[in-house]
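Shown next: final_33.cif, given as mmCIF, C-alpha atoms and all ligand atoms.
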data_data
loop_
_atom_site.label_atom_id
_atom_site.label_comp_id
_atom_site.auth_asym_id
_atom_site.auth_seq_id
_atom_site.Cartn_x
_atom_site.Cartn_y
_atom_site.Cartn_z
CA MET A 1 90.98 124.69 110.46
CA THR A 2 93.06 123.57 107.50
CA LYS A 3 91.54 124.31 104.09
CA LEU A 4 92.40 122.33 100.98
CA ALA A 5 90.78 122.38 97.54
CA LEU A 6 90.19 119.14 95.65
CA ILE A 7 90.63 119.33 91.88
CA THR A 8 87.81 117.16 90.58
CA SER A 9 84.49 117.24 88.80
CA ASN A 10 83.52 113.98 90.51
CA GLN A 11 81.05 114.74 93.32
CA GLY A 12 81.41 111.17 94.64
CA LYS A 13 85.11 111.67 95.29
CA LEU A 14 84.43 115.05 96.91
CA ARG A 15 81.86 113.52 99.28
CA GLU A 16 84.30 110.79 100.33
CA PHE A 17 87.09 113.31 101.02
CA ARG A 18 84.75 115.55 102.99
CA SER A 19 83.33 112.71 105.04
CA GLU A 20 86.79 111.50 106.07
CA LEU A 21 88.62 114.81 106.51
CA SER A 22 85.93 116.86 108.26
CA ARG A 23 86.47 114.62 111.30
CA LEU A 24 90.13 115.68 111.26
CA ASP A 25 89.32 119.36 111.08
CA ILE A 26 90.32 119.69 107.44
CA GLU A 27 87.84 121.50 105.21
CA VAL A 28 87.76 120.30 101.62
CA THR A 29 86.44 122.67 98.99
CA SER A 30 86.22 122.06 95.27
CA THR A 31 88.05 124.13 92.70
CA ASP A 32 87.90 124.75 88.96
CA GLU A 33 91.70 124.65 88.88
CA SER A 34 92.99 122.01 86.49
CA CYS A 35 96.29 120.45 85.62
CA GLU A 36 97.78 118.73 82.64
CA GLU A 37 96.85 115.03 82.69
CA ILE A 38 99.31 112.83 80.86
CA GLN A 39 98.67 109.31 79.60
CA ALA A 40 101.07 107.30 81.73
CA ASP A 41 101.54 103.68 82.83
CA THR A 42 100.73 104.32 86.50
CA ILE A 43 98.37 106.54 88.45
CA GLU A 44 101.36 107.81 90.49
CA GLU A 45 103.02 109.15 87.33
CA VAL A 46 99.82 111.01 86.43
CA VAL A 47 99.66 112.56 89.91
CA ARG A 48 103.35 113.53 90.03
CA TYR A 49 103.16 115.20 86.62
CA CYS A 50 100.05 117.12 87.67
CA LEU A 51 101.75 118.31 90.89
CA LYS A 52 104.75 119.50 88.88
CA ASP A 53 102.45 121.45 86.58
CA LEU A 54 100.61 123.04 89.53
CA GLY A 55 103.85 123.83 91.38
CA GLY A 56 105.28 125.48 88.28
CA ARG A 57 102.30 127.83 88.24
CA GLY A 58 102.52 128.63 91.95
CA VAL A 59 99.26 126.85 92.84
CA GLY A 60 99.13 125.58 96.43
CA ASN A 61 96.90 123.94 99.01
CA VAL A 62 95.23 121.72 96.44
CA ILE A 63 94.67 117.96 96.36
CA ILE A 64 94.34 115.66 93.37
CA ASP A 65 93.09 112.08 93.26
CA ASP A 66 93.82 109.69 90.43
CA SER A 67 92.22 106.28 90.84
CA GLY A 68 91.63 103.15 88.84
CA LEU A 69 90.12 99.69 88.77
CA PHE A 70 92.62 96.92 87.96
CA ILE A 71 91.19 93.54 86.88
CA ASP A 72 93.62 90.61 87.13
CA SER A 73 92.25 88.45 84.31
CA LEU A 74 92.40 91.47 81.97
CA GLY A 75 96.05 92.16 82.77
CA GLY A 76 95.20 95.10 85.02
CA PHE A 77 92.79 96.73 82.53
CA PRO A 78 91.16 99.27 82.70
CA GLY A 79 93.73 100.65 85.22
CA VAL A 80 94.91 104.08 84.09
CA TYR A 81 92.15 104.03 81.45
CA SER A 82 89.38 103.60 84.06
CA SER A 83 87.80 106.99 83.53
CA TYR A 84 87.61 106.50 79.74
CA VAL A 85 86.35 102.90 80.08
CA PHE A 86 83.68 103.98 82.56
CA ARG A 87 82.46 106.66 80.13
CA THR A 88 82.47 104.34 77.13
CA LEU A 89 81.80 100.76 78.29
CA GLY A 90 80.44 101.44 81.78
CA CYS A 91 79.81 98.73 84.37
CA LYS A 92 77.83 96.65 81.86
CA GLY A 93 80.67 96.65 79.36
CA VAL A 94 83.16 95.49 82.00
CA LEU A 95 80.79 92.68 83.07
CA LYS A 96 80.63 91.64 79.42
CA LEU A 97 84.42 91.53 79.14
CA LEU A 98 84.46 89.13 82.09
CA GLU A 99 81.75 86.79 80.79
CA GLY A 100 82.90 83.19 81.13
CA LYS A 101 85.99 84.17 83.15
CA GLU A 102 86.44 82.27 86.39
CA ASP A 103 89.02 84.63 87.88
CA ARG A 104 87.15 87.80 88.83
CA SER A 105 89.76 89.20 91.22
CA ALA A 106 90.48 92.91 91.01
CA HIS A 107 91.66 95.87 93.02
CA PHE A 108 91.02 99.56 93.19
CA SER A 109 93.95 101.93 93.73
CA CYS A 110 93.88 105.57 94.67
CA CYS A 111 96.81 107.95 94.46
CA ILE A 112 96.41 111.24 96.30
CA GLY A 113 98.74 114.12 95.59
CA CYS A 114 98.83 117.39 97.47
CA ILE A 115 100.83 120.54 96.98
CA LEU A 116 100.96 122.60 100.14
CA GLY A 117 101.12 126.36 100.47
CA SER A 118 104.81 125.92 101.26
CA GLY A 119 105.30 124.19 97.89
CA GLU A 120 105.99 120.82 99.54
CA ASN A 121 104.38 117.75 97.98
CA ILE A 122 102.67 114.74 99.52
CA VAL A 123 101.99 111.65 97.40
CA VAL A 124 100.36 108.51 98.77
CA THR A 125 98.81 105.43 97.14
CA GLU A 126 96.55 102.82 98.71
CA SER A 127 94.56 99.88 97.36
CA VAL A 128 91.70 97.55 98.20
CA SER A 129 91.43 94.00 96.91
CA GLY A 130 88.19 92.36 95.92
CA ARG A 131 86.34 90.87 93.01
CA ILE A 132 84.00 91.86 90.21
CA GLY A 133 80.44 90.66 90.78
CA THR A 134 78.32 89.02 88.11
CA GLU A 135 75.73 91.82 88.01
CA GLU A 136 75.37 95.46 89.06
CA LYS A 137 74.10 95.87 92.60
CA GLY A 138 73.33 98.92 94.74
CA ASN A 139 72.74 102.57 93.97
CA GLN A 140 75.16 104.43 96.26
CA GLY A 141 78.65 105.65 95.43
CA PHE A 142 79.79 106.22 91.85
CA GLY A 143 81.71 104.75 88.93
CA PHE A 144 82.39 101.03 89.16
CA ASP A 145 81.00 100.76 92.72
CA PRO A 146 77.99 98.61 91.63
CA ILE A 147 80.25 95.80 90.37
CA PHE A 148 83.10 95.82 92.93
CA ILE A 149 82.87 93.58 96.00
CA PRO A 150 85.68 94.20 98.51
CA GLN A 151 87.45 91.25 100.09
CA GLU A 152 85.70 89.66 103.06
CA ASP A 153 82.37 91.23 102.08
CA GLN A 154 79.41 90.06 100.06
CA ARG A 155 78.14 93.55 99.19
CA THR A 156 79.31 95.83 96.41
CA PHE A 157 80.62 99.30 97.31
CA ALA A 158 77.36 100.65 95.84
CA GLU A 159 75.44 98.76 98.52
CA MET A 160 77.39 100.58 101.24
CA SER A 161 77.05 104.06 102.70
CA ILE A 162 80.11 106.35 102.64
CA GLU A 163 80.57 105.54 106.34
CA GLU A 164 80.80 101.85 105.43
CA LYS A 165 82.88 102.27 102.25
CA ASN A 166 85.53 104.71 103.54
CA PRO A 167 86.98 102.51 106.32
CA ILE A 168 87.89 99.79 103.78
CA SER A 169 88.20 101.56 100.44
CA HIS A 170 91.33 102.52 98.50
CA ARG A 171 90.37 106.20 98.83
CA GLY A 172 89.51 106.02 102.53
CA LYS A 173 92.87 104.38 103.28
CA ALA A 174 94.75 106.88 101.09
CA ILE A 175 92.97 109.85 102.70
CA ARG A 176 93.88 108.66 106.20
CA ALA A 177 97.52 108.05 105.22
CA PHE A 178 97.57 111.49 103.59
CA ALA A 179 96.12 113.14 106.72
CA GLU A 180 98.80 111.45 108.84
CA MET A 181 101.58 112.80 106.59
CA LEU A 182 100.00 116.23 106.53
CA LYS A 183 99.91 116.30 110.31
CA ARG A 184 103.61 115.43 110.44
CA LYS A 185 104.56 118.15 107.96
CA ARG A 186 102.28 120.83 109.43
CA GLY A 187 103.14 122.81 106.32
CA VAL A 188 99.71 124.08 105.39
CA ARG A 189 99.56 127.85 105.38
P1 LIG B 1 89.95 109.37 87.67
O1 LIG B 1 90.62 109.10 88.96
O2 LIG B 1 89.15 110.62 87.69
O3 LIG B 1 90.89 109.25 86.50
O4 LIG B 1 88.83 108.28 87.44
C1 LIG B 1 89.03 106.93 87.47
C2 LIG B 1 87.75 106.19 87.23
O5 LIG B 1 87.83 105.04 88.07
C3 LIG B 1 86.48 106.92 87.63
O6 LIG B 1 85.84 107.47 86.55
C4 LIG B 1 85.62 105.82 88.19
O7 LIG B 1 84.86 105.27 87.15
C5 LIG B 1 86.61 104.79 88.67
N1 LIG B 1 86.77 104.89 90.12
C6 LIG B 1 87.76 105.47 90.83
N2 LIG B 1 87.54 105.36 92.15
C7 LIG B 1 86.37 104.72 92.27
C8 LIG B 1 85.59 104.35 93.38
O8 LIG B 1 85.90 104.59 94.55
N3 LIG B 1 84.46 103.70 93.09
C9 LIG B 1 84.06 103.41 91.82
N4 LIG B 1 84.73 103.76 90.75
C10 LIG B 1 85.88 104.42 90.97
#

Encoded form using structure tokens:
Amino acid sequence: MTKLALITSNQGKLREFRSELSRLDIEVTSTDESCEEIQADTIEEVVRYCLKDLGGRGVGNVIIDDSGLFIDSLGGFPGVYSSYVFRTLGCKGVLKLLEGKEDRSAHFSCCIGCILGSGENIVVTESVSGRIGTEEKGNQGFGFDPIFIPQEDQRTFAEMSIEEKNPISHRGKAIRAFAEMLKRKRGVR
């Protein structure tokens, strides 16, 4: 069995990784390891910088996940500031920013970076389109899940189980693409 450690303090992310990767015989543990997080324009830049920092210190077999919610009528905000905006404004604050706005389209993106034991890197980004609801709904998931309704659905992510969210979510798609690349590299030691 392949073993990889996810650098995160977010238990929601960890559950989603475990749910998806355990079926592929990849065990995901959590780690206190950290890396330098820069303020950048894209989540990919954040991930690549973090991988460089980890690689420079000889850390291997770890995964990082940088994600964000991008709202069209707010010019992509909160985007790379999602974590800060969630802590400060929360779902309610975002709903307030959208009051009176007709265009509620948005997407979530997830960039996964992995540094293997061999030192090789994998970076993959996936997204899911949807819209911001008019009120918070559901109590599953984490973060902005209660206000995000994926395309072709009427429920928010927070009204879905992990088994329902992962097949369509930004993270679920990114994890599966990552697992495919990992399989091709077979570099985990
Ligand atoms: P980071 O990836 O740790 O920088 O966090 C980004 C922020 O985006 C998190 O704090 C969440 O609030 C939000 N976020 C990222 N992915 C999801 C998701 O799958 N559901 C809900 N919120 C998310």

Find the nearest atom pair between each residue of chain A and ligand LIG 1 (chain B) for residues within 6 Å, count only C-alpha atoms and all ligand atoms, give distances in Å to one decimal, sort rows by chain and ascending number, and present the table as a tab-separated table.
residue	atom	partner	partner_atom	distance
A:Asp65	CA	B:LIG1	O1	5.8
A:Asp66	CA	B:LIG1	O1	3.6
A:Ser67	CA	B:LIG1	O1	3.7
A:Gly68	CA	B:LIG1	O5	4.3
A:Leu69	CA	B:LIG1	O5	5.9
A:Ser82	CA	B:LIG1	C2	4.4
A:Ser83	CA	B:LIG1	O6	3.6
A:Phe86	CA	B:LIG1	O7	4.9
A:Phe142	CA	B:LIG1	C9	5.1
A:Gly143	CA	B:LIG1	O7	3.7
A:Phe144	CA	B:LIG1	N4	3.9
A:Asp145	CA	B:LIG1	C9	4.1

Take the residues that were just selected and, keeping C-alpha atoms, output them as an mmCIF file, keeping the file's coordinate frame.
data_model
loop_
_atom_site.group_PDB
_atom_site.id
_atom_site.type_symbol
_atom_site.label_atom_id
_atom_site.label_comp_id
_atom_site.auth_asym_id
_atom_site.auth_seq_id
_atom_site.Cartn_x
_atom_site.Cartn_y
_atom_site.Cartn_z
ATOM 1 C CA ASP A 65 93.090 112.080 93.260
ATOM 2 C CA ASP A 66 93.820 109.690 90.430
ATOM 3 C CA SER A 67 92.220 106.280 90.840
ATOM 4 C CA GLY A 68 91.630 103.150 88.840
ATOM 5 C CA LEU A 69 90.120 99.690 88.770
ATOM 6 C CA SER A 82 89.380 103.600 84.060
ATOM 7 C CA SER A 83 87.800 106.990 83.530
ATOM 8 C CA PHE A 86 83.680 103.980 82.560
ATOM 9 C CA PHE A 142 79.790 106.220 91.850
ATOM 10 C CA GLY A 143 81.710 104.750 88.930
ATOM 11 C CA PHE A 144 82.390 101.030 89.160
ATOM 12 C CA ASP A 145 81.000 100.760 92.720
#

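Comparing the minimum interatomic distances between Gly55 of chain A and each of A:Lys13, A:Ser129, A:Gly117, A:Arg18, counting only C-alpha atoms, we find that A:Gly117 sits nearest.
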
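Here atom CA of Glu37 of chain A is placed at a distance of 27.8 Å from atom CA of Lys183 of chain A.
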
Could you name the residues that touch Glu27 of chain A at 10 Å or less, counting all atoms listed in the file, but leaving out those on the same chain fewer than 5 positions away, as a PDB file with C-alpha atoms, in the frame of the given file?
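Printed below is result-v4.pdb as written:
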ATOM      1  CA  MET A   1      90.980 124.690 110.460  1.00  0.00           C
ATOM      2  CA  THR A   2      93.060 123.570 107.500  1.00  0.00           C
ATOM      3  CA  LYS A   3      91.540 124.310 104.090  1.00  0.00           C
ATOM      4  CA  LEU A   4      92.400 122.330 100.980  1.00  0.00           C
ATOM      5  CA  ALA A   5      90.780 122.380  97.540  1.00  0.00           C
ATOM      6  CA  PHE A  17      87.090 113.310 101.020  1.00  0.00           C
ATOM      7  CA  ARG A  18      84.750 115.550 102.990  1.00  0.00           C
ATOM      8  CA  SER A  19      83.330 112.710 105.040  1.00  0.00           C
ATOM      9  CA  LEU A  21      88.620 114.810 106.510  1.00  0.00           C
ATOM     10  CA  SER A  22      85.930 116.860 108.260  1.00  0.00           C
TER      11      SER A  22
END

Restricting the calculation to all atoms listed in the file, which member of A:Gly76, A:Gly133, A:Gly90, A:Gly141 is positioned closest to Glu159 of chain A?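 Among the listed residues, A:Gly141 lies closest to Glu159 of chain A.
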
List as a list in words the residues having at least one atom at most 7 Å from position (95.2, 117.6, 93.1) as given in the file, counting only C-alpha atoms.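 Within 7 Å of (95.2, 117.6, 93.1), the protein and nucleic acid residues are Leu6, Ile7, Leu51, Val62, Ile63, Ile64, Asp65, Gly113 and Cys114 of chain A.
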
When you count all atoms listed in the file, which of these residues is closest to Lys185 of chain A: A:Asp25, A:Glu102, A:Glu120, A:Glu164?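 Among the listed residues, A:Glu120 lies closest to Lys185 of chain A.
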
With distances taken over all atoms listed in the file, which of A:Ala174, A:Leu182, A:Ala106, A:Val123 is nearest to Pro150 of chain A?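 Of the candidates, the smallest distance to Pro150 of chain A is held by A:Ala106.
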
At a cut-off of 8 Å, using only C-alpha atoms, what residues contact Ile147 of chain A? Leave out same-chain residues fewer than 4 positions from it and give the result as a list of chain:residue names.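 Near Ile147 of chain A, the qualifying residues are A:Cys91, A:Leu95, A:Ile132, A:Gly133, A:Thr134, A:Glu135, A:Glu136, A:Lys137, A:Thr156, A:Phe157, A:Ala158.
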
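Computed from the coordinates, the atom CA of Arg155 of chain A to atom CA of Arg87 of chain A distance equals 23.5 Å.
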
Atom CA of Cys35 of chain A and atom CA of Arg57 of chain A, how far apart in Å?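 Computing the Euclidean distance for atom CA of Arg57 of chain A and atom CA of Cys35 of chain A yields 9.9 Å.
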
Non-local contacts of Val46 of chain A (9 Å; only C-alpha atoms; under 6 positions in same chain excluded) as an MDAnalysis selection string: chainID A and resid 36:40 66 80

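Using only C-alpha atoms for every distance, the candidate list A:Gly56, A:Gly119, A:Gly138, A:Gly130 yields A:Gly130 as the residue closest to Asp103 of chain A.
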
What are the closest atom pairs, with distances in Å to one decimal, for each residue of segment 19-55 of chain A lying within 9 Å of segment 175-179 of chain A, using only C-alpha atoms, rows by chain and rising residue number, as a tab-separated table?
residue	atom	partner	partner_atom	distance
A:Glu20	CA	A:Ile175	CA	7.2
A:Leu21	CA	A:Ile175	CA	7.6
A:Leu24	CA	A:Ala179	CA	7.9
A:Ile26	CA	A:Ala179	CA	8.8

Near-Lys101 of chain A list (12 Å; all atoms listed in the file; drop same-chain fewer than 2 positions) as a compact mmCIF listing (two decimals) with C-alpha atoms, in the coordinates of the input:
# COMPACT_ATOMS: atom_id res chain seq x y z
CA ILE A 71 91.19 93.54 86.88
CA ASP A 72 93.62 90.61 87.13
CA SER A 73 92.25 88.45 84.31
CA LEU A 74 92.40 91.47 81.97
CA VAL A 94 83.16 95.49 82.00
CA LEU A 95 80.79 92.68 83.07
CA LYS A 96 80.63 91.64 79.42
CA LEU A 97 84.42 91.53 79.14
CA LEU A 98 84.46 89.13 82.09
CA GLU A 99 81.75 86.79 80.79
CA ASP A 103 89.02 84.63 87.88
CA ARG A 104 87.15 87.80 88.83
CA SER A 105 89.76 89.20 91.22
CA ARG A 131 86.34 90.87 93.01
CA ILE A 132 84.00 91.86 90.21
CA GLY A 133 80.44 90.66 90.78
CA THR A 134 78.32 89.02 88.11

For Leu116 of chain A, which residue out of A:Val59, A:Glu163, A:Pro78, A:Ser169 is the nearest one, using only C-alpha atoms?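 Ranked by minimum distance to Leu116 of chain A, first place goes to A:Val59.
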